[in-house]
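This report concerns only the one structure given below.
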Amino acid sequence: MEGTRYIEIPATAIEAFVAEAETKLVASGGSVVRSVVGHEQVVDFVLPRRQGLLVRFFTSVPANGDAVRACGEDAIRIFVGTKIPLDRGGEKFIPLSESKRVFRTAPTKLPHEERVAAFMTRLRGTMREVYVEATTIPICQKCSRPMKERTGGRGPFLGCTGYPSCRNTAQVPRLAS
């Protein structure tokens with residue numbers, strides 16, 4: 001459609017982005033787990049030396065698909081989280097941050113290839129931001145799992161995501177005034 005800000009991003013561009021990020025992460029000691037959540041391909045970038053901490057990347061590429069969903073149907077989402085084991089088997093993903101949404105938009109006056117390149121540059125920047133955010137998540141001093149802010153009878157606190165096997169808590173860091 002003429003004048004629209006949305007752009008079709010080829011699934012091959014998303015896959016190349018994931019492969020590039022995977023290569024860098026594995027070289028630094030991390031790992032990558034690919035899965036399907038709902039109808040979407042998801043990539044978990046498991047951070048090195050941060051037990052259980054990962055950056056989850058919702059690709060917007062449908063499971064069993066080779067194209068990104070139609071424009072305007074959602075955004076690529078990236079956020080920090082961890083997985084906890086379930087009693088009945090399997091794992092549950094627990095987000096530790098708000099998701100960053102990267103809408104598939106680019107300046108309309110650019111040629112198509114440059115619009116795709118502009119979007120991919122923005123996607124790389126957002127991925128870097130979330131990765132840096134992940135390195136600031138507090139880690140439990142007892143079991144090395146990520147800590148998550150919770151609220152109790154006496155106010156907010158940090159609780160280990162390994163609860164109930166680890167019951168460690170900590171104070172929420174106060175911002176310097």
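Following the order of the structure tokens, first chain is A, next is B, and so on, with residues numbered from 1 inside each chain and ligands from 1 in the order they appear.
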Would you mind listing what lies within 12 Å of Pro85 in chain A as a VMD selection string, with only C-alpha atoms counted and same-chain residues fewer than 2 positions away left out? chain A and resid 52 82 to 83 87 to 94 161 to 165
Generate the output file for the selected residues, N, CA, C and O atoms, as a PDB file, in the first residue's frame.
```pdb
ATOM      1  N   GLY A  52      20.302 -19.869  34.016  1.00  0.00           N
ATOM      2  CA  GLY A  52      18.872 -19.759  33.787  1.00  0.00           C
ATOM      3  C   GLY A  52      18.401 -18.457  33.174  1.00  0.00           C
ATOM      4  O   GLY A  52      17.234 -18.309  32.852  1.00  0.00           O
ATOM      5  N   THR A  82      13.473 -16.207  32.433  1.00  0.00           N
ATOM      6  CA  THR A  82      14.079 -17.438  32.897  1.00  0.00           C
ATOM      7  C   THR A  82      13.041 -18.543  32.750  1.00  0.00           C
ATOM      8  O   THR A  82      11.864 -18.267  32.555  1.00  0.00           O
ATOM      9  N   LYS A  83      13.482 -19.776  32.827  1.00  0.00           N
ATOM     10  CA  LYS A  83      12.555 -20.913  32.786  1.00  0.00           C
ATOM     11  C   LYS A  83      12.623 -21.633  34.123  1.00  0.00           C
ATOM     12  O   LYS A  83      13.698 -21.792  34.692  1.00  0.00           O
ATOM     13  N   ASP A  87       6.095 -29.115  38.070  1.00  0.00           N
ATOM     14  CA  ASP A  87       5.951 -30.382  38.791  1.00  0.00           C
ATOM     15  C   ASP A  87       5.602 -31.529  37.858  1.00  0.00           C
ATOM     16  O   ASP A  87       6.053 -32.649  38.036  1.00  0.00           O
ATOM     17  N   ARG A  88       4.766 -31.260  36.871  1.00  0.00           N
ATOM     18  CA  ARG A  88       4.304 -32.310  35.959  1.00  0.00           C
ATOM     19  C   ARG A  88       5.248 -32.528  34.775  1.00  0.00           C
ATOM     20  O   ARG A  88       4.920 -33.203  33.821  1.00  0.00           O
ATOM     21  N   GLY A  89       6.414 -31.901  34.814  1.00  0.00           N
ATOM     22  CA  GLY A  89       7.382 -32.003  33.724  1.00  0.00           C
ATOM     23  C   GLY A  89       7.318 -30.778  32.832  1.00  0.00           C
ATOM     24  O   GLY A  89       6.366 -30.015  32.864  1.00  0.00           O
ATOM     25  N   GLY A  90       8.340 -30.589  32.072  1.00  0.00           N
ATOM     26  CA  GLY A  90       8.406 -29.426  31.204  1.00  0.00           C
ATOM     27  C   GLY A  90       8.872 -28.195  31.958  1.00  0.00           C
ATOM     28  O   GLY A  90       9.312 -28.277  33.113  1.00  0.00           O
ATOM     29  N   GLU A  91       8.786 -27.049  31.299  1.00  0.00           N
ATOM     30  CA  GLU A  91       9.241 -25.804  31.887  1.00  0.00           C
ATOM     31  C   GLU A  91       8.241 -24.687  31.618  1.00  0.00           C
ATOM     32  O   GLU A  91       7.468 -24.753  30.675  1.00  0.00           O
ATOM     33  N   LYS A  92       8.291 -23.673  32.459  1.00  0.00           N
ATOM     34  CA  LYS A  92       7.454 -22.495  32.280  1.00  0.00           C
ATOM     35  C   LYS A  92       8.378 -21.290  32.151  1.00  0.00           C
ATOM     36  O   LYS A  92       9.322 -21.128  32.923  1.00  0.00           O
ATOM     37  N   PHE A  93       8.099 -20.443  31.177  1.00  0.00           N
ATOM     38  CA  PHE A  93       8.883 -19.225  30.981  1.00  0.00           C
ATOM     39  C   PHE A  93       8.354 -18.136  31.898  1.00  0.00           C
ATOM     40  O   PHE A  93       7.153 -17.885  31.962  1.00  0.00           O
ATOM     41  N   ILE A  94       9.252 -17.467  32.626  1.00  0.00           N
ATOM     42  CA  ILE A  94       8.903 -16.372  33.520  1.00  0.00           C
ATOM     43  C   ILE A  94       9.602 -15.110  33.008  1.00  0.00           C
ATOM     44  O   ILE A  94      10.830 -15.035  33.016  1.00  0.00           O
ATOM     45  N   THR A 161      14.096 -16.882  41.657  1.00  0.00           N
ATOM     46  CA  THR A 161      13.182 -17.577  40.733  1.00  0.00           C
ATOM     47  C   THR A 161      13.257 -19.085  40.923  1.00  0.00           C
ATOM     48  O   THR A 161      12.475 -19.810  40.330  1.00  0.00           O
ATOM     49  N   GLY A 162      14.161 -19.540  41.782  1.00  0.00           N
ATOM     50  CA  GLY A 162      14.242 -20.964  42.101  1.00  0.00           C
ATOM     51  C   GLY A 162      13.314 -21.378  43.230  1.00  0.00           C
ATOM     52  O   GLY A 162      13.324 -22.524  43.664  1.00  0.00           O
ATOM     53  N   TYR A 163      12.475 -20.451  43.714  1.00  0.00           N
ATOM     54  CA  TYR A 163      11.510 -20.748  44.770  1.00  0.00           C
ATOM     55  C   TYR A 163      10.583 -21.866  44.301  1.00  0.00           C
ATOM     56  O   TYR A 163      10.199 -21.873  43.153  1.00  0.00           O
ATOM     57  N   PRO A 164      10.231 -22.855  45.076  1.00  0.00           N
ATOM     58  CA  PRO A 164      10.411 -22.996  46.520  1.00  0.00           C
ATOM     59  C   PRO A 164      11.686 -23.726  46.937  1.00  0.00           C
ATOM     60  O   PRO A 164      12.003 -23.774  48.112  1.00  0.00           O
ATOM     61  N   SER A 165      12.449 -24.274  45.987  1.00  0.00           N
ATOM     62  CA  SER A 165      13.661 -24.979  46.408  1.00  0.00           C
ATOM     63  C   SER A 165      14.710 -24.014  46.960  1.00  0.00           C
ATOM     64  O   SER A 165      15.522 -24.397  47.797  1.00  0.00           O
TER      65      SER A 165
END
```
Please run DSSP on the backbone and report, as a CSV table (one decimal) with N, CA, C and O atoms, in the first residue's frame, all residues within range 58-141 of chain A that come out as helix (DSSP H, G or I).
```
chain,number,residue,atom,x,y,z
A,112,HIS,N,13.2,-0.4,-1.2
A,112,HIS,CA,12.8,-1.5,-0.3
A,112,HIS,C,14.0,-2.1,0.4
A,112,HIS,O,14.0,-2.4,1.6
A,113,GLU,N,15.1,-2.4,-0.3
A,113,GLU,CA,16.3,-3.0,0.3
A,113,GLU,C,16.8,-2.1,1.5
A,113,GLU,O,17.3,-2.6,2.5
A,114,GLU,N,16.8,-0.8,1.3
A,114,GLU,CA,17.3,0.1,2.3
A,114,GLU,C,16.3,0.2,3.5
A,114,GLU,O,16.7,0.3,4.6
A,115,ARG,N,15.0,0.0,3.2
A,115,ARG,CA,14.0,-0.1,4.3
A,115,ARG,C,14.2,-1.3,5.2
A,115,ARG,O,14.2,-1.2,6.4
A,116,VAL,N,14.5,-2.4,4.5
A,116,VAL,CA,14.8,-3.7,5.2
A,116,VAL,C,16.0,-3.5,6.1
A,116,VAL,O,16.1,-3.8,7.3
A,117,ALA,N,17.1,-2.9,5.5
A,117,ALA,CA,18.3,-2.7,6.2
A,117,ALA,C,18.1,-1.7,7.4
A,117,ALA,O,18.7,-2.0,8.5
A,118,ALA,N,17.3,-0.7,7.2
A,118,ALA,CA,17.0,0.2,8.4
A,118,ALA,C,16.3,-0.5,9.5
A,118,ALA,O,16.6,-0.3,10.7
A,119,PHE,N,15.3,-1.3,9.2
A,119,PHE,CA,14.6,-2.1,10.2
A,119,PHE,C,15.6,-3.1,10.9
A,119,PHE,O,15.6,-3.1,12.1
A,120,MET,N,16.5,-3.8,10.2
A,120,MET,CA,17.4,-4.7,10.8
A,120,MET,C,18.4,-4.0,11.7
A,120,MET,O,18.7,-4.5,12.7
A,121,THR,N,18.8,-2.8,11.3
A,121,THR,CA,19.7,-2.0,12.2
A,121,THR,C,19.0,-1.7,13.5
A,121,THR,O,19.5,-1.8,14.6
A,122,ARG,N,17.7,-1.3,13.4
A,122,ARG,CA,16.9,-1.0,14.6
A,122,ARG,C,16.7,-2.3,15.5
A,122,ARG,O,16.8,-2.3,16.7
A,123,LEU,N,16.5,-3.4,14.8
A,123,LEU,CA,16.4,-4.7,15.5
A,123,LEU,C,17.7,-5.1,16.3
A,123,LEU,O,17.6,-5.5,17.4
A,124,ARG,N,18.8,-4.9,15.6
A,124,ARG,CA,20.1,-5.2,16.3
A,124,ARG,C,20.3,-4.3,17.5
A,124,ARG,O,20.7,-4.8,18.5
A,125,GLY,N,19.9,-3.0,17.4
A,125,GLY,CA,20.1,-2.1,18.5
A,125,GLY,C,19.2,-2.5,19.7
A,125,GLY,O,19.6,-2.5,20.8
A,126,THR,N,18.0,-2.9,19.4
A,126,THR,CA,17.0,-3.3,20.4
A,126,THR,C,17.5,-4.6,21.1
A,126,THR,O,17.5,-4.7,22.3
A,127,MET,N,18.1,-5.5,20.3
A,127,MET,CA,18.6,-6.8,20.9
A,127,MET,C,19.8,-6.4,21.8
A,127,MET,O,19.9,-7.0,22.9
A,128,ARG,N,20.6,-5.5,21.4
A,128,ARG,CA,21.8,-5.1,22.3
A,128,ARG,C,21.3,-4.5,23.6
A,128,ARG,O,21.8,-4.8,24.7
A,129,GLU,N,20.2,-3.6,23.5
A,129,GLU,CA,19.7,-3.0,24.7
A,129,GLU,C,19.2,-4.1,25.7
A,129,GLU,O,19.4,-4.0,26.9
A,130,VAL,N,18.4,-5.1,25.1
A,130,VAL,CA,17.8,-6.1,26.0
A,130,VAL,C,18.9,-7.0,26.6
A,130,VAL,O,18.9,-7.4,27.8
A,131,TYR,N,20.0,-7.3,25.8
A,131,TYR,CA,21.1,-8.1,26.3
A,131,TYR,C,21.8,-7.4,27.4
A,131,TYR,O,22.1,-8.0,28.5
A,132,VAL,N,22.0,-6.1,27.3
A,132,VAL,CA,22.6,-5.3,28.4
A,132,VAL,C,21.7,-5.3,29.6
A,132,VAL,O,22.2,-5.4,30.7
A,133,GLU,N,20.4,-5.1,29.4
A,133,GLU,CA,19.4,-5.1,30.5
A,133,GLU,C,19.5,-6.5,31.2
A,133,GLU,O,19.5,-6.5,32.4
A,134,ALA,N,19.7,-7.6,30.5
A,134,ALA,CA,19.8,-8.9,31.1
A,134,ALA,C,21.0,-9.0,32.0
A,134,ALA,O,21.0,-9.7,33.0
```
For the strand (DSSP E) assignment from backbone DSSP, which residues of chain A qualify? Please present them as a CSV table (one decimal) with N, CA and C atoms, in the first residue's frame.
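Output contents, as saved in out.csv:
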```
chain,number,residue,atom,x,y,z
A,31,SER,N,24.3,-20.3,24.8
A,31,SER,CA,23.7,-21.3,24.0
A,31,SER,C,22.4,-20.8,23.5
A,32,VAL,N,21.8,-21.5,22.5
A,32,VAL,CA,20.5,-21.1,21.9
A,32,VAL,C,19.6,-22.2,21.9
A,33,VAL,N,18.3,-22.0,22.2
A,33,VAL,CA,17.3,-23.0,22.2
A,33,VAL,C,16.2,-22.5,21.3
A,34,ARG,N,15.8,-23.2,20.3
A,34,ARG,CA,14.7,-22.8,19.4
A,34,ARG,C,13.5,-23.7,19.7
A,35,SER,N,12.3,-23.0,19.7
A,35,SER,CA,11.1,-23.7,20.0
A,35,SER,C,10.0,-23.0,19.2
A,36,VAL,N,8.8,-23.5,19.5
A,36,VAL,CA,7.6,-22.9,18.9
A,36,VAL,C,6.7,-22.6,20.1
A,37,VAL,N,6.2,-21.4,20.2
A,37,VAL,CA,5.2,-21.0,21.2
A,37,VAL,C,4.0,-20.5,20.5
A,40,GLU,N,4.2,-19.3,16.7
A,40,GLU,CA,5.4,-18.5,16.3
A,40,GLU,C,6.7,-19.2,16.7
A,41,GLN,N,7.7,-19.1,15.8
A,41,GLN,CA,9.0,-19.5,16.2
A,41,GLN,C,9.6,-18.6,17.2
A,42,VAL,N,10.2,-19.2,18.2
A,42,VAL,CA,10.8,-18.5,19.3
A,42,VAL,C,12.3,-18.9,19.5
A,43,VAL,N,13.2,-18.0,19.8
A,43,VAL,CA,14.6,-18.3,20.0
A,43,VAL,C,14.9,-17.8,21.4
A,44,ASP,N,15.4,-18.7,22.3
A,44,ASP,CA,15.9,-18.3,23.6
A,44,ASP,C,17.5,-18.3,23.5
A,45,PHE,N,18.0,-17.1,23.8
A,45,PHE,CA,19.5,-16.9,23.8
A,45,PHE,C,19.8,-17.0,25.3
A,46,VAL,N,20.5,-18.1,25.7
A,46,VAL,CA,20.8,-18.4,27.1
A,46,VAL,C,22.2,-17.8,27.4
A,53,LEU,N,19.3,-17.5,33.0
A,53,LEU,CA,18.9,-16.2,32.4
A,53,LEU,C,19.0,-16.3,30.9
A,54,LEU,N,17.9,-15.8,30.3
A,54,LEU,CA,17.9,-15.8,28.8
A,54,LEU,C,17.2,-14.6,28.2
A,55,VAL,N,17.5,-14.3,27.0
A,55,VAL,CA,16.8,-13.3,26.2
A,55,VAL,C,15.9,-14.0,25.2
A,56,ARG,N,14.6,-13.8,25.3
A,56,ARG,CA,13.7,-14.5,24.5
A,56,ARG,C,13.3,-13.6,23.3
A,57,PHE,N,13.4,-14.2,22.1
A,57,PHE,CA,13.2,-13.5,20.8
A,57,PHE,C,12.0,-14.1,20.1
A,58,PHE,N,10.8,-13.4,20.1
A,58,PHE,CA,9.7,-13.9,19.3
A,58,PHE,C,9.9,-13.4,17.9
A,59,THR,N,10.1,-14.3,17.0
A,59,THR,CA,10.5,-13.9,15.6
A,59,THR,C,9.5,-13.3,14.7
A,60,SER,N,8.2,-13.5,14.9
A,60,SER,CA,7.1,-13.2,14.0
A,60,SER,C,7.1,-14.0,12.8
A,61,VAL,N,7.9,-15.1,12.8
A,61,VAL,CA,7.9,-16.1,11.7
A,61,VAL,C,7.0,-17.2,12.2
A,62,PRO,N,5.9,-17.5,11.5
A,62,PRO,CA,5.0,-18.6,12.0
A,62,PRO,C,5.7,-20.0,12.0
A,76,ILE,N,8.0,-7.8,16.4
A,76,ILE,CA,8.9,-8.7,17.0
A,76,ILE,C,9.1,-8.3,18.4
A,77,ARG,N,9.1,-9.3,19.3
A,77,ARG,CA,9.2,-8.9,20.8
A,77,ARG,C,10.5,-9.6,21.3
A,78,ILE,N,11.2,-8.8,22.2
A,78,ILE,CA,12.4,-9.3,22.8
A,78,ILE,C,12.3,-9.0,24.3
A,79,PHE,N,12.6,-9.9,25.1
A,79,PHE,CA,12.7,-9.6,26.6
A,79,PHE,C,13.5,-10.6,27.4
A,80,VAL,N,13.8,-10.2,28.6
A,80,VAL,CA,14.6,-11.0,29.5
A,80,VAL,C,13.7,-11.9,30.3
A,81,GLY,N,14.1,-13.2,30.5
A,81,GLY,CA,13.3,-14.1,31.4
A,81,GLY,C,14.2,-15.3,31.8
A,82,THR,N,13.5,-16.2,32.4
A,82,THR,CA,14.1,-17.4,32.9
A,82,THR,C,13.0,-18.5,32.8
A,83,LYS,N,13.5,-19.8,32.8
A,83,LYS,CA,12.6,-20.9,32.8
A,83,LYS,C,12.6,-21.6,34.1
A,84,ILE,N,11.4,-22.0,34.6
A,84,ILE,CA,11.4,-22.8,35.8
A,84,ILE,C,10.8,-24.2,35.5
A,85,PRO,N,11.2,-25.2,36.2
A,85,PRO,CA,10.7,-26.5,36.0
A,85,PRO,C,9.3,-26.6,36.6
A,91,GLU,N,8.8,-27.0,31.3
A,91,GLU,CA,9.2,-25.8,31.9
A,91,GLU,C,8.2,-24.7,31.6
A,92,LYS,N,8.3,-23.7,32.5
A,92,LYS,CA,7.5,-22.5,32.3
A,92,LYS,C,8.4,-21.3,32.2
A,93,PHE,N,8.1,-20.4,31.2
A,93,PHE,CA,8.9,-19.2,31.0
A,93,PHE,C,8.4,-18.1,31.9
A,94,ILE,N,9.3,-17.5,32.6
A,94,ILE,CA,8.9,-16.4,33.5
A,94,ILE,C,9.6,-15.1,33.0
A,95,PRO,N,8.8,-14.1,32.5
A,95,PRO,CA,9.5,-12.9,32.1
A,95,PRO,C,10.0,-12.1,33.3
A,100,LYS,N,10.3,-5.6,24.7
A,100,LYS,CA,10.6,-4.5,23.8
A,100,LYS,C,10.0,-4.9,22.5
A,101,ARG,N,9.1,-4.1,21.9
A,101,ARG,CA,8.5,-4.4,20.7
A,101,ARG,C,9.2,-3.6,19.5
A,102,VAL,N,9.5,-4.4,18.5
A,102,VAL,CA,10.1,-3.8,17.3
A,102,VAL,C,9.2,-3.9,16.2
A,147,MET,N,17.0,-13.3,40.1
A,147,MET,CA,16.1,-12.8,41.1
A,147,MET,C,15.0,-12.0,40.4
A,148,LYS,N,13.8,-12.0,41.0
A,148,LYS,CA,12.7,-11.2,40.4
A,148,LYS,C,12.0,-10.4,41.5
A,149,GLU,N,11.6,-9.2,41.1
A,149,GLU,CA,11.0,-8.3,42.1
A,149,GLU,C,9.6,-8.8,42.4
A,150,ARG,N,9.3,-8.9,43.7
A,150,ARG,CA,8.0,-9.4,44.2
A,150,ARG,C,7.5,-8.4,45.2
A,151,THR,N,6.2,-8.6,45.6
A,151,THR,CA,5.7,-7.7,46.6
A,151,THR,C,5.1,-8.6,47.7
A,152,GLY,N,5.5,-8.3,49.0
A,152,GLY,CA,5.0,-9.0,50.1
A,152,GLY,C,4.3,-8.1,51.1
A,155,GLY,N,6.2,-4.9,51.6
A,155,GLY,CA,6.5,-4.1,50.5
A,155,GLY,C,7.3,-5.0,49.5
A,156,PRO,N,8.0,-4.3,48.5
A,156,PRO,CA,8.7,-5.0,47.4
A,156,PRO,C,10.0,-5.6,47.9
A,157,PHE,N,10.4,-6.7,47.3
A,157,PHE,CA,11.6,-7.4,47.6
A,157,PHE,C,12.0,-8.2,46.4
A,158,LEU,N,13.3,-8.7,46.4
A,158,LEU,CA,13.7,-9.6,45.4
A,158,LEU,C,13.6,-11.0,45.9
A,159,GLY,N,13.0,-11.9,45.1
A,159,GLY,CA,12.9,-13.3,45.4
A,159,GLY,C,13.6,-14.1,44.4
A,160,CYS,N,14.2,-15.2,44.8
A,160,CYS,CA,14.8,-16.1,43.8
A,160,CYS,C,13.8,-16.8,42.9
A,169,THR,N,16.0,-14.3,49.6
A,169,THR,CA,15.4,-13.0,49.2
A,169,THR,C,16.5,-11.9,49.4
A,170,ALA,N,16.2,-10.8,48.9
A,170,ALA,CA,17.1,-9.6,49.0
A,170,ALA,C,16.3,-8.3,49.0
```
Could you state the separation of CA of Ile14 in chain A and CA of Pro146 in chain A in Å, given to one decimal place?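 Between these atoms lies a distance of 28.3 Å.
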Have a look at A:Ala75, A:Leu86, A:Lys109, A:Arg174 and name the one nearest to Ile9 in chain A; count only C-alpha atoms.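 Among the listed residues, the smallest separation from Ile9 in chain A belongs to A:Ala75.
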